[in-house]
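Colleague: For reference, this is work.pdb, and it has PDB, C-alpha atoms.
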MODEL        1
ATOM      1  CA  MET A  10      -7.333  17.947  -4.993
ATOM      2  CA  GLN A  11      -5.702  14.854  -3.530
ATOM      3  CA  THR A  12      -4.101  12.270  -5.743
ATOM      4  CA  VAL A  13      -5.844   8.953  -6.252
ATOM      5  CA  ASP A  14      -3.219   7.179  -4.121
ATOM      6  CA  GLN A  15      -3.728   9.580  -1.225
ATOM      7  CA  GLU A  16      -7.483   9.143  -1.494
ATOM      8  CA  VAL A  17      -7.100   5.341  -1.439
ATOM      9  CA  TRP A  18      -5.038   5.481   1.755
ATOM     10  CA  ARG A  19      -7.393   8.048   3.314
ATOM     11  CA  ILE A  20     -10.418   5.810   2.765
ATOM     12  CA  ALA A  21      -8.464   2.697   3.769
ATOM     13  CA  SER A  22      -7.446   4.294   7.052
ATOM     14  CA  GLU A  23     -11.106   4.054   8.081
ATOM     15  CA  MET A  24     -11.110   0.259   7.599
ATOM     16  CA  GLN A  25     -11.508  -1.586  10.878
ATOM     17  CA  TYR A  26      -8.955  -4.322  10.127
ATOM     18  CA  LEU A  27      -6.457  -2.490   7.936
ATOM     19  CA  ALA A  28      -3.244  -3.893   9.480
ATOM     20  CA  PRO A  29      -4.339  -7.573   9.333
ATOM     21  CA  THR A  30      -5.611  -7.063   5.778
ATOM     22  CA  LEU A  31      -2.290  -5.548   4.696
ATOM     23  CA  SER A  32      -0.455  -8.365   6.448
ATOM     24  CA  THR A  33      -2.423 -10.997   4.535
ATOM     25  CA  TRP A  34      -1.644  -9.271   1.249
ATOM     26  CA  LEU A  35       2.046  -9.009   2.178
ATOM     27  CA  ASP A  36       2.060 -12.778   2.759
ATOM     28  CA  SER A  37       0.899 -13.313  -0.822
ATOM     29  CA  TYR A  38       3.234 -10.775  -2.459
ATOM     30  CA  VAL A  39       5.794 -12.146  -4.914
ATOM     31  CA  ARG A  40       8.439  -9.734  -6.166
ATOM     32  CA  LYS A  41       9.173  -9.775  -9.883
ATOM     33  CA  SER A  42      12.836  -9.751 -10.809
ATOM     34  CA  GLY A  43      14.410  -6.602 -12.185
ATOM     35  CA  MET A  44      15.230  -3.100 -11.066
ATOM     36  CA  ASP A  45      12.712  -1.620  -8.679
ATOM     37  CA  ASP A  46      12.982   1.921  -7.345
ATOM     38  CA  LEU A  47      12.679   2.700  -3.665
ATOM     39  CA  VAL A  48      10.028   5.044  -2.291
ATOM     40  CA  ARG A  49       9.686   6.787   1.043
ATOM     41  CA  VAL A  50       6.370   6.523   2.802
ATOM     42  CA  THR A  51       5.695   8.998   5.593
ATOM     43  CA  PRO A  52       2.654   9.641   7.751
ATOM     44  CA  GLY A  53       2.184  12.828   5.734
ATOM     45  CA  CYS A  54       1.920  10.815   2.499
ATOM     46  CA  ILE A  55      -0.715   8.304   3.518
ATOM     47  CA  GLY A  56      -2.041   9.536   6.855
ATOM     48  CA  GLU A  57      -1.174   8.666  10.442
ATOM     49  CA  ARG A  58      -3.582   5.723  10.841
ATOM     50  CA  ALA A  59      -2.713   4.135   7.490
ATOM     51  CA  TYR A  60       1.009   4.606   8.182
ATOM     52  CA  ALA A  61       0.677   2.922  11.590
ATOM     53  CA  ALA A  62      -1.245   0.004  10.038
ATOM     54  CA  LEU A  63       1.303  -0.413   7.226
ATOM     55  CA  ARG A  64       4.190  -0.309   9.692
ATOM     56  CA  GLU A  65       2.463  -2.848  11.962
ATOM     57  CA  ALA A  66       1.844  -5.213   9.035
ATOM     58  CA  LEU A  67       5.448  -4.942   7.823
ATOM     59  CA  LEU A  68       6.925  -5.501  11.282
ATOM     60  CA  GLU A  69       4.682  -8.463  12.068
ATOM     61  CA  GLN A  70       7.007 -11.025  10.489
ATOM     62  CA  PRO A  71       9.774 -11.307   7.894
ATOM     63  CA  ARG A  72       8.615 -12.242   4.413
ATOM     64  CA  ARG A  73      10.809 -13.507   1.588
ATOM     65  CA  HIS A  74       9.725 -11.070  -1.123
ATOM     66  CA  VAL A  75       8.958  -8.062   1.047
ATOM     67  CA  TRP A  76      11.866  -5.664   1.483
ATOM     68  CA  TYR A  77      11.520  -2.519   3.555
ATOM     69  CA  HIS A  78      13.503  -0.430   5.991
ATOM     70  CA  ASP A  79      12.025   1.411   8.939
ATOM     71  CA  HIS A  80      13.955   4.656   9.393
ATOM     72  CA  GLY A  81      11.837   5.783  12.333
ATOM     73  CA  TRP A  82      10.274   8.793  10.642
ATOM     74  CA  HIS A  83       9.555   7.043   7.334
ATOM     75  CA  LEU A  84       9.380   3.620   5.739
ATOM     76  CA  GLU A  85      11.405   2.846   2.656
ATOM     77  CA  LEU A  86      10.039   0.146   0.387
ATOM     78  CA  ARG A  87      10.085  -0.972  -3.182
ATOM     79  CA  LYS A  88       7.841   0.958  -5.543
ATOM     80  CA  ARG A  89       6.137  -2.158  -6.908
ATOM     81  CA  LEU A  90       5.323  -3.366  -3.400
ATOM     82  CA  LEU A  91       3.674  -0.060  -2.534
ATOM     83  CA  GLY A  92       1.790  -0.132  -5.841
ATOM     84  CA  PHE A  93       0.642  -3.696  -5.159
ATOM     85  CA  LEU A  94      -0.781  -2.699  -1.774
ATOM     86  CA  GLN A  95      -2.426   0.471  -3.120
ATOM     87  CA  ARG A  96      -4.139  -1.395  -5.970
ATOM     88  CA  ARG A  97      -5.372  -4.108  -3.607
ATOM     89  CA  LEU A  98      -6.753  -1.420  -1.296
ATOM     90  CA  GLN A  99      -8.334   0.362  -4.233
ATOM     91  CA  ARG A 100     -10.056  -2.844  -5.373
ATOM     92  CA  GLN A 101     -11.252  -3.563  -1.827
ATOM     93  CA  ILE A 102     -12.632  -0.044  -1.427
ATOM     94  CA  LEU A 103     -14.531  -0.245  -4.700
ATOM     95  CA  ALA A 104     -15.787  -3.779  -3.964
ATOM     96  CA  ASN A 105     -17.194  -2.478  -0.683
ATOM     97  CA  GLY A 106     -19.054   0.268  -2.537
ATOM     98  CA  HIS A 107     -16.918   3.109  -1.230
ATOM     99  CA  GLY A 108     -14.831   5.584  -3.134
ATOM    100  CA  LEU A 109     -15.260   8.068  -5.864
ATOM    101  CA  GLU A 110     -15.794   7.595  -9.563
ATOM    102  CA  ALA A 111     -12.193   8.762 -10.037
ATOM    103  CA  LEU A 112     -10.975   5.676  -8.160
ATOM    104  CA  ALA A 113     -12.923   3.367 -10.450
ATOM    105  CA  GLU A 114     -11.702   5.176 -13.573
ATOM    106  CA  ASP A 115      -8.100   5.069 -12.357
ATOM    107  CA  LEU A 116      -8.307   1.353 -11.625
ATOM    108  CA  LEU A 117      -9.838   0.650 -15.035
ATOM    109  CA  ALA A 118      -7.067   2.663 -16.710
ATOM    110  CA  HIS A 119      -4.469   0.683 -14.782
ATOM    111  CA  ASP A 120      -6.074  -2.649 -15.674
ATOM    112  CA  VAL A 121      -6.170  -1.908 -19.396
ATOM    113  CA  GLY A 122      -2.661  -0.476 -19.366
ATOM    114  CA  VAL A 123      -3.378   3.168 -20.071
TER     115      VAL A 123
ENDMDL
END
If you took the structure in this file and wrote it as structure tokens, what would it be?
Modeller:
Amino acid sequence: MQTVDQEVWRIASEMQYLAPTLSTWLDSYVRKSGMDDLVRVTPGCIGERAYAALREALLEQPRRHVWYHDHGWHLELRKRLLGFLQRRLQRQILANGHGLEALAEDLLAHDVGV
């Protein structure tokens, strides 16, 4: 069974305008102060198409609150930034009527702080 995050990226990879959508969300991202762990994102984690779209959106332009490093074989970004994008994708997927019940339950649990 895939994790919820993997399922979100798998479904999102089928979106027609994934890179521009991610880019718009990156424009609105504001980093909260404090320690924030780094995570590695590889094509194996989120899928080839989603990885390409994320990379394209990140490389489009520099943004004040968006820190990342492209290592060639993986992207390194802040954990909260990745979480922000995944939750936005999850909401979009559910708003469009796609996704499994597990995605809705996970989002509800996140929203109420469980």
Colleague: Quick one, how far is atom CA of A:Asp46 from atom CA of A:Lys88?
Modeller: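 We find that atom CA of A:Asp46 and atom CA of A:Lys88 lie 5.5 Å from each other.
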Colleague: Using all atoms listed in the file, which protein or nucleic acid residues come within 10 Å of A:Met24? Drop anything in the same chain fewer than 4 positions from it, and give the result as JSON, numbers by chain.
Modeller: {"A": [18, 19, 20, 28, 30, 58, 59, 102]}
Colleague: Translate the PyMOL selection byres ((chain A and resi 42) around 12) into a concrete residue list for this structure, as a list in words.
Modeller: Val39, Arg40, Lys41, Gly43, Met44, Asp45, His74, Arg87 and Arg89 of chain A
Colleague: From (-2.2, 10.2, -2.3), in the file's coordinates, out to 10 Å: which residues are reached, counting all atoms listed in the file? Answer as a list in words.
Modeller: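 All residues meeting the 10 Å criterion around (-2.2, 10.2, -2.3) are Met10, Gln11, Thr12, Val13, Asp14, Gln15, Glu16, Val17, Trp18, Arg19, Gly53, Cys54, Ile55, Gly56 and Gln95 of chain A.
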Colleague: Output C-alpha atoms for every residue in the selection just made, as a PDB file, in the coordinates of the input.
Modeller:
ATOM      1  CA  MET A  10      -7.333  17.947  -4.993  1.00  0.00           C
ATOM      2  CA  GLN A  11      -5.702  14.854  -3.530  1.00  0.00           C
ATOM      3  CA  THR A  12      -4.101  12.270  -5.743  1.00  0.00           C
ATOM      4  CA  VAL A  13      -5.844   8.953  -6.252  1.00  0.00           C
ATOM      5  CA  ASP A  14      -3.219   7.179  -4.121  1.00  0.00           C
ATOM      6  CA  GLN A  15      -3.728   9.580  -1.225  1.00  0.00           C
ATOM      7  CA  GLU A  16      -7.483   9.143  -1.494  1.00  0.00           C
ATOM      8  CA  VAL A  17      -7.100   5.341  -1.439  1.00  0.00           C
ATOM      9  CA  TRP A  18      -5.038   5.481   1.755  1.00  0.00           C
ATOM     10  CA  ARG A  19      -7.393   8.048   3.314  1.00  0.00           C
ATOM     11  CA  GLY A  53       2.184  12.828   5.734  1.00  0.00           C
ATOM     12  CA  CYS A  54       1.920  10.815   2.499  1.00  0.00           C
ATOM     13  CA  ILE A  55      -0.715   8.304   3.518  1.00  0.00           C
ATOM     14  CA  GLY A  56      -2.041   9.536   6.855  1.00  0.00           C
ATOM     15  CA  GLN A  95      -2.426   0.471  -3.120  1.00  0.00           C
TER      16      GLN A  95
END
Colleague: Between A:Leu109, A:Val123, A:Ala21, A:Leu103, which is the closest to A:Ala62 once you count all atoms listed in the file?
Modeller: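 With all atoms listed in the file as the atom set, the closest residue is A:Ala21.
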Colleague: Can you pull out the residues contacting A:Arg72? Cut-off 8 Å, using only C-alpha atoms, and skip same-chain residues under 4 positions away; I want them as a list in words.
Modeller: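 Residues near the query, excluding close chain neighbours: Leu35, Asp36 and Trp76 of chain A.
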Colleague: Tell me which of A:Arg64, A:Arg49, A:His83, A:Arg73 sits closest to A:Leu27, counting only C-alpha atoms.
Modeller: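 For A:Leu27, the nearest of the given residues is A:Arg64.
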Colleague: Restricting the calculation to all atoms listed in the file, which member of A:His107, A:Val50, A:Ser32, A:Glu114 is positioned closest to A:Pro71?
Modeller: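 Looking at the shortest contact to A:Pro71, the residue is A:Ser32.
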Colleague: Name the closest residue to A:Gly92 among the candidates A:Ala111, A:Ala66, A:Leu116, A:Ala61; distances are taken between atoms, counting all atoms listed in the file.
Modeller: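 Nearest candidate to A:Gly92 out of A:Ala111, A:Ala66, A:Leu116, A:Ala61: A:Leu116.
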Colleague: Fewer than 5 positions away in the same chain doesn't count, so skip those; otherwise give me all residues within 12 Å of A:Asp120, counting all atoms listed in the file, as a PyMOL selection string.
Modeller: chain A and resi 96+100+113-115
Colleague: Provide the atom CA of A:Leu91 to atom CA of A:Leu47 distance in Å, to one decimal place.
Modeller: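 Value for the atom CA of A:Leu91-atom CA of A:Leu47 distance: 9.5 Å.
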Colleague: Please report the interatomic distance between atom CA of A:Gly81 and atom CA of A:Gln99 in Å with one decimal.
Modeller: 26.7 Å
